[in-house]
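Colleague: Have a peek at start.cif (mmCIF, C-alpha atoms and all ligand atoms).
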```cif
data_coords
#
loop_
_atom_site.label_atom_id
_atom_site.label_comp_id
_atom_site.auth_asym_id
_atom_site.auth_seq_id
_atom_site.Cartn_x
_atom_site.Cartn_y
_atom_site.Cartn_z
CA MET A 148 61.52 5.70 -2.50
CA PRO A 149 59.69 2.37 -2.97
CA PRO A 150 57.26 2.25 -5.91
CA PRO A 151 53.59 2.71 -4.96
CA SER A 152 52.04 -0.63 -4.10
CA LEU A 153 49.47 -2.11 -6.43
CA TYR A 154 47.76 -3.34 -3.29
CA PRO A 155 47.47 -0.32 -0.98
CA HIS A 156 45.82 -2.35 1.77
CA ALA A 157 48.38 -5.14 1.73
CA ALA A 158 50.21 -3.81 4.79
CA GLU A 159 47.01 -4.01 6.83
CA VAL A 160 46.57 -7.72 6.23
CA THR A 161 46.56 -9.32 9.62
CA ALA A 162 48.58 -12.42 10.36
CA PRO A 163 46.55 -15.62 10.39
CA PRO A 164 45.08 -16.28 13.81
CA SER A 165 47.17 -18.25 16.20
CA LEU A 166 46.90 -21.96 16.76
CA ALA A 167 44.42 -21.26 19.52
CA MET A 168 41.12 -22.06 17.82
CA ARG A 169 39.89 -25.01 19.80
CA SER A 170 36.14 -25.29 19.17
CA LEU A 171 34.43 -24.45 15.86
CA LEU A 172 30.63 -24.74 16.05
CA PHE A 173 28.59 -25.41 12.91
CA VAL A 174 25.29 -23.55 12.71
CA PRO A 175 22.83 -23.88 9.80
CA ALA A 176 22.60 -20.39 8.28
CA ASP A 177 18.80 -20.53 8.03
CA SER A 178 18.24 -20.84 11.79
CA ALA A 179 18.23 -17.43 13.48
CA LYS A 180 17.58 -19.14 16.80
CA LYS A 181 20.66 -21.38 16.58
CA LEU A 182 22.79 -18.53 15.26
CA ASP A 183 21.92 -16.45 18.33
CA ARG A 184 22.50 -19.35 20.64
CA ALA A 185 25.92 -20.04 19.09
CA MET A 186 27.10 -16.57 20.11
CA THR A 187 26.90 -17.54 23.79
CA SER A 188 28.01 -21.17 23.34
CA GLY A 189 31.64 -20.52 24.32
CA ALA A 190 32.85 -21.66 20.89
CA ASP A 191 36.09 -20.06 19.73
CA ALA A 192 34.67 -19.96 16.19
CA ILE A 193 31.24 -20.13 14.61
CA ILE A 194 30.84 -21.72 11.17
CA VAL A 195 27.71 -20.31 9.53
CA ASP A 196 26.77 -23.12 7.17
CA LEU A 197 25.46 -22.50 3.66
CA GLU A 198 26.38 -25.98 2.46
CA ASP A 199 25.23 -29.43 3.58
CA SER A 200 22.79 -28.38 6.32
CA ILE A 201 20.85 -26.23 3.83
CA ALA A 202 18.47 -27.84 1.33
CA PRO A 203 19.07 -26.87 -2.33
CA ASP A 204 15.98 -24.67 -2.58
CA GLY A 205 16.79 -22.96 0.73
CA LYS A 206 20.16 -21.56 -0.37
CA ALA A 207 18.97 -18.06 -1.30
CA ARG A 208 17.12 -17.57 1.98
CA ALA A 209 20.06 -18.97 3.95
CA ARG A 210 22.44 -16.47 2.27
CA ASP A 211 20.21 -13.57 3.34
CA SER A 212 19.98 -14.93 6.86
CA ALA A 213 23.78 -15.45 7.05
CA ALA A 214 24.48 -11.92 5.85
CA ALA A 215 22.03 -10.36 8.32
CA PHE A 216 23.47 -12.37 11.20
CA LEU A 217 27.06 -11.52 10.27
CA ARG A 218 26.37 -7.82 9.91
CA ALA A 219 25.12 -7.72 13.50
CA ALA A 220 27.51 -10.27 15.00
CA MET A 221 30.70 -8.73 13.60
CA THR A 222 30.09 -5.57 15.63
CA SER A 223 29.87 -7.44 18.92
CA ALA A 224 32.97 -6.79 21.05
CA ALA A 225 33.63 -10.27 22.45
CA ARG A 226 32.53 -12.17 19.39
CA PRO A 227 33.89 -15.55 18.35
CA TYR A 228 35.96 -15.93 15.18
CA MET A 229 33.38 -15.86 12.38
CA MET A 230 33.43 -18.19 9.38
CA VAL A 231 31.02 -19.01 6.59
CA ARG A 232 30.98 -22.44 5.00
CA VAL A 233 30.25 -21.71 1.36
CA ASN A 234 29.24 -24.34 -1.18
CA GLY A 235 32.13 -26.11 -2.91
CA LEU A 236 33.76 -24.82 -6.07
CA GLN A 237 32.27 -27.77 -8.02
CA THR A 238 28.68 -26.67 -7.33
CA GLY A 239 28.49 -23.36 -9.18
CA LEU A 240 27.03 -21.84 -6.00
CA THR A 241 30.22 -20.40 -4.49
CA ASP A 242 30.07 -17.04 -6.27
CA ALA A 243 26.55 -16.26 -5.08
CA ASP A 244 27.53 -17.33 -1.54
CA LEU A 245 30.54 -15.00 -1.52
CA ASP A 246 28.54 -12.14 -3.06
CA ALA A 247 26.03 -12.47 -0.24
CA VAL A 248 28.44 -12.53 2.70
CA ALA A 249 31.68 -10.71 1.73
CA ALA A 250 30.34 -7.23 2.54
CA ALA A 251 29.69 -8.39 6.11
CA LYS A 252 33.47 -9.05 6.43
CA PRO A 253 33.59 -12.56 7.87
CA ASP A 254 36.98 -13.54 9.28
CA ALA A 255 37.18 -16.60 7.04
CA ILE A 256 35.38 -18.95 4.72
CA MET A 257 35.39 -22.70 5.14
CA LEU A 258 35.96 -24.33 1.76
CA PRO A 259 34.28 -27.77 1.57
CA LYS A 260 35.29 -30.44 -0.93
CA ALA A 261 38.64 -28.71 -1.43
CA GLU A 262 41.06 -30.58 -3.65
CA GLY A 263 44.51 -29.45 -2.66
CA GLY A 264 46.29 -26.14 -3.00
CA ALA A 265 44.78 -25.50 -6.45
CA SER A 266 41.30 -25.07 -4.99
CA VAL A 267 42.65 -22.69 -2.34
CA ILE A 268 44.27 -20.59 -5.09
CA HIS A 269 40.92 -20.60 -6.92
CA ALA A 270 39.01 -19.48 -3.81
CA ASP A 271 41.72 -16.90 -3.06
CA ALA A 272 41.10 -15.24 -6.44
CA LYS A 273 37.34 -15.20 -5.87
CA LEU A 274 37.84 -13.59 -2.45
CA ALA A 275 40.25 -10.96 -3.80
CA VAL A 276 37.56 -9.75 -6.22
CA ARG A 277 34.97 -9.42 -3.41
CA GLU A 278 37.46 -7.68 -1.13
CA ALA A 279 38.24 -5.12 -3.83
CA LYS A 280 34.53 -4.52 -4.44
CA ASN A 281 33.78 -4.06 -0.76
CA GLY A 282 36.81 -1.94 0.19
CA LEU A 283 38.32 -4.69 2.29
CA ALA A 284 42.06 -5.22 2.65
CA ASP A 285 43.47 -7.75 0.20
CA GLY A 286 43.76 -11.03 2.10
CA HIS A 287 41.34 -10.00 4.88
CA ILE A 288 39.13 -13.08 4.53
CA LYS A 289 41.02 -16.27 5.38
CA ILE A 290 40.38 -19.84 4.15
CA LEU A 291 39.93 -23.08 6.10
CA PRO A 292 39.64 -25.98 3.61
CA ILE A 293 38.02 -29.33 4.33
CA ALA A 294 40.79 -31.33 2.75
CA THR A 295 39.49 -34.91 2.42
CA GLU A 296 35.87 -34.90 1.24
CA THR A 297 36.45 -36.34 -2.22
CA ALA A 298 38.55 -39.31 -3.28
CA ALA A 299 40.66 -37.07 -5.53
CA ALA A 300 41.37 -34.77 -2.58
CA LEU A 301 43.24 -37.52 -0.75
CA PHE A 302 45.88 -37.62 -3.50
CA VAL A 303 46.63 -33.88 -3.24
CA ALA A 304 46.45 -33.42 0.53
CA GLY A 305 50.15 -32.54 0.53
CA THR A 306 49.80 -29.57 -1.85
CA PHE A 307 48.43 -26.87 0.46
CA ALA A 308 51.82 -25.44 1.45
CA GLY A 309 52.33 -21.99 -0.03
CA ALA A 310 48.98 -21.97 -1.88
CA SER A 311 47.80 -18.74 -0.23
CA ALA A 312 48.58 -16.55 2.76
CA ARG A 313 44.87 -16.89 3.53
CA LEU A 314 45.29 -20.51 4.63
CA ILE A 315 44.65 -20.72 8.39
CA GLY A 316 44.43 -24.46 8.89
CA LEU A 317 43.18 -27.72 7.45
CA THR A 318 40.30 -29.86 8.53
CA TRP A 319 38.89 -33.11 7.24
CA GLY A 320 35.58 -34.83 6.64
CA ALA A 321 34.38 -38.43 6.51
CA GLU A 322 30.71 -38.05 5.57
CA ASP A 323 31.01 -36.89 1.96
CA LEU A 324 34.05 -39.11 1.43
CA SER A 325 32.14 -42.23 2.46
CA ALA A 326 29.27 -41.26 0.14
CA GLU A 327 31.69 -40.83 -2.75
CA ILE A 328 33.48 -44.10 -2.06
CA GLY A 329 30.12 -45.86 -1.79
CA ALA A 330 30.76 -47.24 1.69
CA GLN A 331 27.96 -48.47 3.93
CA ALA A 332 29.56 -46.98 7.04
CA ASN A 333 32.55 -44.89 8.02
CA ARG A 334 32.76 -46.05 11.65
CA ASP A 335 32.80 -49.53 13.21
CA PRO A 336 30.11 -50.56 15.74
CA GLN A 337 32.26 -49.12 18.57
CA GLY A 338 32.29 -45.74 16.86
CA ASN A 339 35.91 -45.82 15.65
CA PHE A 340 36.65 -44.61 12.14
CA LEU A 341 37.33 -47.34 9.58
CA ASP A 342 40.55 -47.49 7.55
CA PRO A 343 39.75 -45.14 4.63
CA TYR A 344 38.75 -42.40 7.09
CA ARG A 345 41.73 -42.97 9.36
CA LEU A 346 43.85 -42.45 6.25
CA ALA A 347 41.99 -39.20 5.50
CA ARG A 348 42.50 -38.07 9.10
CA THR A 349 46.23 -38.81 8.90
CA LEU A 350 46.54 -37.02 5.56
CA CYS A 351 44.91 -33.97 7.13
CA LEU A 352 47.43 -34.01 9.98
CA ALA A 353 50.39 -34.47 7.65
CA GLY A 354 49.07 -31.98 5.06
CA ALA A 355 48.56 -29.35 7.77
CA ALA A 356 52.01 -29.92 9.24
CA ALA A 357 53.57 -29.69 5.77
CA ALA A 358 51.74 -26.40 5.19
CA GLN A 359 52.63 -25.21 8.72
CA VAL A 360 49.04 -24.57 9.71
CA PRO A 361 46.93 -26.11 12.49
CA ALA A 362 44.92 -29.30 11.91
CA ILE A 363 41.29 -29.29 13.11
CA ASP A 364 39.52 -32.60 13.74
CA THR A 365 36.24 -33.51 12.07
CA VAL A 366 32.70 -33.62 13.49
CA TYR A 367 31.20 -36.31 15.72
CA VAL A 368 27.61 -36.77 14.61
CA ASP A 369 26.40 -38.88 17.57
CA PHE A 370 25.81 -35.69 19.53
CA ARG A 371 24.10 -37.21 22.60
CA ASN A 372 27.11 -39.47 23.26
CA ALA A 373 29.30 -37.27 25.46
CA ASP A 374 31.69 -40.08 26.48
CA GLY A 375 32.42 -41.14 22.91
CA PHE A 376 32.85 -37.51 21.96
CA ARG A 377 35.32 -36.82 24.79
CA ARG A 378 37.35 -39.89 23.83
CA GLU A 379 37.56 -38.70 20.22
CA CYS A 380 38.66 -35.22 21.40
CA GLU A 381 41.39 -36.74 23.56
CA GLU A 382 42.66 -38.93 20.70
CA ALA A 383 42.70 -35.94 18.36
CA CYS A 384 44.60 -33.79 20.86
CA ARG A 385 47.08 -36.60 21.47
CA ASP A 386 47.71 -37.03 17.75
CA GLY A 387 48.38 -33.35 17.02
CA PHE A 388 45.05 -31.72 16.17
CA THR A 389 44.69 -28.34 17.88
CA GLY A 390 40.90 -28.21 17.85
CA LYS A 391 37.71 -29.92 16.74
CA MET A 392 34.51 -28.98 14.96
CA ALA A 393 31.22 -29.23 16.86
CA ILE A 394 27.67 -29.66 15.59
CA HIS A 395 25.89 -29.08 18.92
CA PRO A 396 26.52 -26.55 21.72
CA ALA A 397 26.88 -29.38 24.27
CA GLN A 398 30.07 -30.46 22.48
CA VAL A 399 31.76 -27.06 22.87
CA PRO A 400 32.79 -27.16 26.57
CA ILE A 401 34.22 -30.66 26.12
CA ILE A 402 36.37 -29.51 23.18
CA ASN A 403 37.52 -26.41 25.05
CA GLU A 404 38.47 -28.43 28.09
CA VAL A 405 40.35 -31.17 26.23
CA PHE A 406 42.23 -28.82 23.88
CA THR A 407 43.29 -26.37 26.59
CA PRO A 408 46.72 -27.45 27.83
CA SER A 409 46.51 -28.40 31.51
CA ALA A 410 48.60 -26.59 34.15
CA LYS A 411 50.64 -29.78 34.53
CA ALA A 412 51.34 -30.01 30.80
CA ILE A 413 52.36 -26.34 30.69
CA GLU A 414 54.67 -26.81 33.66
CA HIS A 415 56.30 -29.80 31.99
CA ALA A 416 56.77 -27.96 28.68
CA GLN A 417 58.27 -25.00 30.57
CA ALA A 418 60.69 -27.34 32.34
CA ILE A 419 61.94 -28.61 28.97
CA VAL A 420 62.36 -25.07 27.60
CA ASP A 421 64.13 -23.98 30.83
CA ALA A 422 66.47 -26.97 30.75
CA PHE A 423 67.61 -26.12 27.19
CA ALA A 424 67.93 -22.43 28.11
CA ALA A 425 70.15 -23.39 31.04
CA SER A 426 72.45 -25.41 28.74
CA PRO A 427 72.97 -23.20 25.68
CA GLY A 428 74.18 -25.19 22.73
CA ALA A 429 73.04 -28.51 24.20
CA GLY A 430 71.33 -30.91 21.80
CA VAL A 431 69.92 -33.07 24.52
CA VAL A 432 69.02 -32.76 28.23
CA GLY A 433 67.83 -35.10 30.96
CA ILE A 434 64.91 -34.21 33.22
CA GLY A 435 63.74 -36.60 35.94
CA GLY A 436 65.55 -39.53 34.33
CA VAL A 437 64.04 -38.96 30.86
CA MET A 438 65.87 -37.78 27.75
CA TYR A 439 64.66 -34.74 25.80
CA ASP A 440 66.21 -33.63 22.50
CA ARG A 441 65.42 -30.99 19.87
CA PRO A 442 62.04 -32.36 18.68
CA HIS A 443 60.87 -32.39 22.31
CA LEU A 444 61.97 -28.76 22.64
CA ALA A 445 60.06 -27.82 19.47
CA ARG A 446 56.94 -29.54 20.78
CA ALA A 447 57.22 -27.84 24.18
CA GLU A 448 57.62 -24.44 22.51
CA GLN A 449 54.59 -25.06 20.29
CA MET A 450 52.47 -25.95 23.27
CA LEU A 451 53.54 -22.90 25.29
CA GLY A 452 52.80 -20.72 22.24
CA ARG A 453 49.31 -22.18 22.01
CA ALA A 454 48.66 -21.78 25.72
CA ALA A 455 49.66 -18.10 25.55
CA SER A 456 47.66 -17.10 22.44
CA PRO A 457 44.35 -15.27 22.61
CA ARG A 458 41.34 -17.50 22.02
CA ARG A 459 39.18 -15.26 19.89
CA ALA A 460 39.42 -12.75 17.12
CA GLY A 461 37.81 -10.15 19.37
CA ALA A 462 39.83 -11.05 22.45
N1 LIG A 501 24.22 -24.22 17.11
C1 LIG A 501 23.48 -23.46 17.96
N2 LIG A 501 22.44 -23.93 18.67
C2 LIG A 501 22.12 -25.22 18.51
C3 LIG A 501 22.83 -26.07 17.65
C4 LIG A 501 23.93 -25.52 16.92
N3 LIG A 501 24.66 -26.26 16.08
N4 LIG A 501 22.32 -27.31 17.72
C5 LIG A 501 21.30 -27.25 18.59
N5 LIG A 501 21.18 -25.99 19.07
C6 LIG A 501 20.20 -25.51 20.06
C7 LIG A 501 18.79 -25.93 19.70
O1 LIG A 501 18.20 -24.95 18.86
C8 LIG A 501 18.15 -25.99 21.05
O2 LIG A 501 17.81 -24.69 21.47
P1 LIG A 501 16.57 -24.43 22.48
O3 LIG A 501 16.94 -25.11 23.75
O4 LIG A 501 16.53 -22.94 22.58
O5 LIG A 501 15.38 -25.05 21.80
C9 LIG A 501 19.26 -26.49 21.96
O6 LIG A 501 20.48 -26.16 21.27
C10 LIG A 501 19.22 -27.96 22.21
O7 LIG A 501 19.17 -28.64 20.98
P2 LIG A 501 18.69 -30.15 20.88
O8 LIG A 501 17.21 -30.21 21.09
O9 LIG A 501 19.54 -30.95 21.77
O10 LIG A 501 19.04 -30.54 19.39
P3 LIG A 501 18.11 -30.34 18.12
O11 LIG A 501 17.34 -31.60 17.92
O12 LIG A 501 17.37 -29.05 18.20
O13 LIG A 501 19.20 -30.19 16.95
C11 LIG A 501 20.70 -30.81 15.23
C12 LIG A 501 19.98 -31.26 16.53
C13 LIG A 501 21.70 -31.88 14.84
C14 LIG A 501 19.67 -30.61 14.13
C15 LIG A 501 21.43 -29.48 15.54
O14 LIG A 501 22.32 -29.71 16.59
C16 LIG A 501 22.13 -28.84 14.39
O15 LIG A 501 21.50 -28.17 13.58
N6 LIG A 501 23.46 -28.98 14.30
C17 LIG A 501 24.27 -28.38 13.28
C18 LIG A 501 24.10 -29.12 11.96
C19 LIG A 501 25.06 -28.63 10.91
O16 LIG A 501 25.38 -27.46 10.83
N7 LIG A 501 25.56 -29.56 10.07
C20 LIG A 501 26.54 -29.25 9.08
C21 LIG A 501 27.92 -29.61 9.51
S1 LIG A 501 28.21 -31.33 9.63
MG MG A 502 29.65 -32.32 3.86
#
```
Could you spell out this file's structure in structure tokens?
Modeller:
Amino acid sequence: MPPPSLYPHAAEVTAPPSLAMRSLLFVPADSAKKLDRAMTSGADAIIVDLEDSIAPDGKARARDSAAAFLRAAMTSAARPYMMVRVNGLQTGLTDADLDAVAAAKPDAIMLPKAEGGASVIHADAKLAVREAKNGLADGHIKILPIATETAAALFVAGTFAGASARLIGLTWGAEDLSAEIGAQANRDPQGNFLDPYRLARTLCLAGAAAAQVPAIDTVYVDFRNADGFRRECEEACRDGFTGKMAIHPAQVPIINEVFTPSAKAIEHAQAIVDAFAASPGAGVVGIGGVMYDRPHLARAEQMLGRAASPRRAGA
């Protein structure tokens, strides 16, 4: 007979959600109106923000508001995936944030200003304590780090692999990074990210792939510019991001549209998978005069997996 587990709930820990989170909408935790509106925005995930959109002396009130919202929202049947962006581990505010929201059982926390796998291990330990206190399964609350907000973070972006089973993805940020670097801007006049931020973006993609979790693209602050936003979504999708964060509800349908594989793309991926299935043992196949080998098969399988996964935690 196996020895009794030290962690009786461990078997209940759910697998991290699939790669299917396309749109993640930020909502300041102190705005009940925006929180309500976010529920019907069509976003796959809501990020209740306790960090940068909340002024320092508004933190306590925002925690109460976040907890009240979560308690109600988590019982809704068709709810989006529910995250809370806590304040970074450097601030001394993280413990009070977690104490306020853990009992409401959010699906995940977003960890800003993360610095590699070490900060995920640190947050993991903090979450384990709150889960034990609140009777939650060990590992219930997942972690989505923002991996590039400090200069030091860039040098450890490759250390997330294996840090914690809570890790559900990686995302990146350019606003705090540009403040820390002391730059005057992070985008050129056409709206394209400048070199340091393109590096951060690439490190997020590579760090996520190395940790075998999805990469989520950063926010686009010019929220009335729908064309620029769509272009940035398309570039992110092309480069391997599986979703993007939004700051305004109008950005959500654009993200969902761009990051949902089209019928044509699904058909093409299926043709690649079928061609390999029809030639067992083949390393390479030709379809319509174009060569496809094993990396193309892996990519086609990934895409079909994404297209088939449920969109929401409640779905
Ligand atoms: N989530 C939910 N609802 C939102 C929203 C959001 N992120 N942003 C705006 N809305 C709502 C507004 O409350 C407004 O509702 P109403 O029609 O019932 O009045 C409606 O959408 C239209 O908003 P609009 O007037 O276009 O924008 P705004 O000037 O009210 O707000 C921001 C602009 C940037 C302040 C707002 O979008 C916002 O708070 N974004 C999130 C900021 C954030 O979390 N930042 C941290 C991460 S970078
Ligand atoms: Mg920030």
Colleague: Report, in Å with one decimal, the straight-line distance from CA of Val366 in chain A to CA of Gly239 in chain A.
Modeller: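 It comes out at 25.2 Å.
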Colleague: Using only C-alpha atoms and all ligand atoms, which protein or nucleic acid residues are at most 7 Å from ligand LIG 501 (chain A), as number ranges by chain?
Modeller: A: 172-175, 180-182, 184-185, 196, 199-200, 366, 394-396
Colleague: What are the nearest atom pairs, with distances in Å to one decimal, for all residues of chain A that come at most 9 Å from ligand MG 502 (chain A), using only C-alpha atoms and all ligand atoms, set out by chain and rising residue number as JSON lines?
Modeller:
```
{"residue": "A:Glu198", "atom": "CA", "partner": "A:MG502", "partner_atom": "MG", "distance": 7.3}
{"residue": "A:Asp199", "atom": "CA", "partner": "A:MG502", "partner_atom": "MG", "distance": 5.3}
{"residue": "A:Ser200", "atom": "CA", "partner": "A:MG502", "partner_atom": "MG", "distance": 8.3}
{"residue": "A:Pro259", "atom": "CA", "partner": "A:MG502", "partner_atom": "MG", "distance": 6.9}
{"residue": "A:Lys260", "atom": "CA", "partner": "A:MG502", "partner_atom": "MG", "distance": 7.6}
{"residue": "A:Ile293", "atom": "CA", "partner": "A:MG502", "partner_atom": "MG", "distance": 8.9}
{"residue": "A:Glu296", "atom": "CA", "partner": "A:MG502", "partner_atom": "MG", "distance": 7.2}
{"residue": "A:Gly320", "atom": "CA", "partner": "A:MG502", "partner_atom": "MG", "distance": 7.0}
{"residue": "A:Ala321", "atom": "CA", "partner": "A:MG502", "partner_atom": "MG", "distance": 8.2}
{"residue": "A:Glu322", "atom": "CA", "partner": "A:MG502", "partner_atom": "MG", "distance": 6.1}
{"residue": "A:Asp323", "atom": "CA", "partner": "A:MG502", "partner_atom": "MG", "distance": 5.1}
{"residue": "A:Leu324", "atom": "CA", "partner": "A:MG502", "partner_atom": "MG", "distance": 8.4}
```
Colleague: Which polymer residues have any atom within 10 Å of an atom of range 261-278 of chain A, counting all atoms listed in the file, with same-chain residues fewer than 5 positions away left out, as a PyMOL selection string?
Modeller: chain A and resi 235-237+241-242+245-250+252+255-256+283-314+319+354+358
Colleague: Selection from above, C-alpha atoms, as a PDB file, in the frame of the given file, can you write it?
Modeller:
```
ATOM      1  CA  GLY A 235      32.130 -26.110  -2.910  1.00  0.00           C
ATOM      2  CA  LEU A 236      33.760 -24.820  -6.070  1.00  0.00           C
ATOM      3  CA  GLN A 237      32.270 -27.770  -8.020  1.00  0.00           C
ATOM      4  CA  THR A 241      30.220 -20.400  -4.490  1.00  0.00           C
ATOM      5  CA  ASP A 242      30.070 -17.040  -6.270  1.00  0.00           C
ATOM      6  CA  LEU A 245      30.540 -15.000  -1.520  1.00  0.00           C
ATOM      7  CA  ASP A 246      28.540 -12.140  -3.060  1.00  0.00           C
ATOM      8  CA  ALA A 247      26.030 -12.470  -0.240  1.00  0.00           C
ATOM      9  CA  VAL A 248      28.440 -12.530   2.700  1.00  0.00           C
ATOM     10  CA  ALA A 249      31.680 -10.710   1.730  1.00  0.00           C
ATOM     11  CA  ALA A 250      30.340  -7.230   2.540  1.00  0.00           C
ATOM     12  CA  LYS A 252      33.470  -9.050   6.430  1.00  0.00           C
ATOM     13  CA  ALA A 255      37.180 -16.600   7.040  1.00  0.00           C
ATOM     14  CA  ILE A 256      35.380 -18.950   4.720  1.00  0.00           C
ATOM     15  CA  LEU A 283      38.320  -4.690   2.290  1.00  0.00           C
ATOM     16  CA  ALA A 284      42.060  -5.220   2.650  1.00  0.00           C
ATOM     17  CA  ASP A 285      43.470  -7.750   0.200  1.00  0.00           C
ATOM     18  CA  GLY A 286      43.760 -11.030   2.100  1.00  0.00           C
ATOM     19  CA  HIS A 287      41.340 -10.000   4.880  1.00  0.00           C
ATOM     20  CA  ILE A 288      39.130 -13.080   4.530  1.00  0.00           C
ATOM     21  CA  LYS A 289      41.020 -16.270   5.380  1.00  0.00           C
ATOM     22  CA  ILE A 290      40.380 -19.840   4.150  1.00  0.00           C
ATOM     23  CA  LEU A 291      39.930 -23.080   6.100  1.00  0.00           C
ATOM     24  CA  PRO A 292      39.640 -25.980   3.610  1.00  0.00           C
ATOM     25  CA  ILE A 293      38.020 -29.330   4.330  1.00  0.00           C
ATOM     26  CA  ALA A 294      40.790 -31.330   2.750  1.00  0.00           C
ATOM     27  CA  THR A 295      39.490 -34.910   2.420  1.00  0.00           C
ATOM     28  CA  GLU A 296      35.870 -34.900   1.240  1.00  0.00           C
ATOM     29  CA  THR A 297      36.450 -36.340  -2.220  1.00  0.00           C
ATOM     30  CA  ALA A 298      38.550 -39.310  -3.280  1.00  0.00           C
ATOM     31  CA  ALA A 299      40.660 -37.070  -5.530  1.00  0.00           C
ATOM     32  CA  ALA A 300      41.370 -34.770  -2.580  1.00  0.00           C
ATOM     33  CA  LEU A 301      43.240 -37.520  -0.750  1.00  0.00           C
ATOM     34  CA  PHE A 302      45.880 -37.620  -3.500  1.00  0.00           C
ATOM     35  CA  VAL A 303      46.630 -33.880  -3.240  1.00  0.00           C
ATOM     36  CA  ALA A 304      46.450 -33.420   0.530  1.00  0.00           C
ATOM     37  CA  GLY A 305      50.150 -32.540   0.530  1.00  0.00           C
ATOM     38  CA  THR A 306      49.800 -29.570  -1.850  1.00  0.00           C
ATOM     39  CA  PHE A 307      48.430 -26.870   0.460  1.00  0.00           C
ATOM     40  CA  ALA A 308      51.820 -25.440   1.450  1.00  0.00           C
ATOM     41  CA  GLY A 309      52.330 -21.990  -0.030  1.00  0.00           C
ATOM     42  CA  ALA A 310      48.980 -21.970  -1.880  1.00  0.00           C
ATOM     43  CA  SER A 311      47.800 -18.740  -0.230  1.00  0.00           C
ATOM     44  CA  ALA A 312      48.580 -16.550   2.760  1.00  0.00           C
ATOM     45  CA  ARG A 313      44.870 -16.890   3.530  1.00  0.00           C
ATOM     46  CA  LEU A 314      45.290 -20.510   4.630  1.00  0.00           C
ATOM     47  CA  TRP A 319      38.890 -33.110   7.240  1.00  0.00           C
ATOM     48  CA  GLY A 354      49.070 -31.980   5.060  1.00  0.00           C
ATOM     49  CA  ALA A 358      51.740 -26.400   5.190  1.00  0.00           C
TER      50      ALA A 358
END
```
Colleague: Could you check which of A:Ala422, A:Ala214, A:Cys380, A:Ala356 is closest to Asn403 in chain A, using only C-alpha atoms?
Modeller: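 Comparing A:Ala422, A:Ala214, A:Cys380, A:Ala356 against Asn403 in chain A, the winner is A:Cys380.
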Colleague: In terms of the shortest atom-to-atom distance over all atoms listed in the file, which of A:Ala202, A:Thr187, A:Gly390, A:Asp211 is closest to Ala243 in chain A?
Modeller: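 Closest candidate: A:Asp211.
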Colleague: What is the distance between CA of Gly329 in chain A and CA of Ala347 in chain A, in Å to one decimal?
Modeller: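 Distance reported for this atom pair: 15.4 Å.
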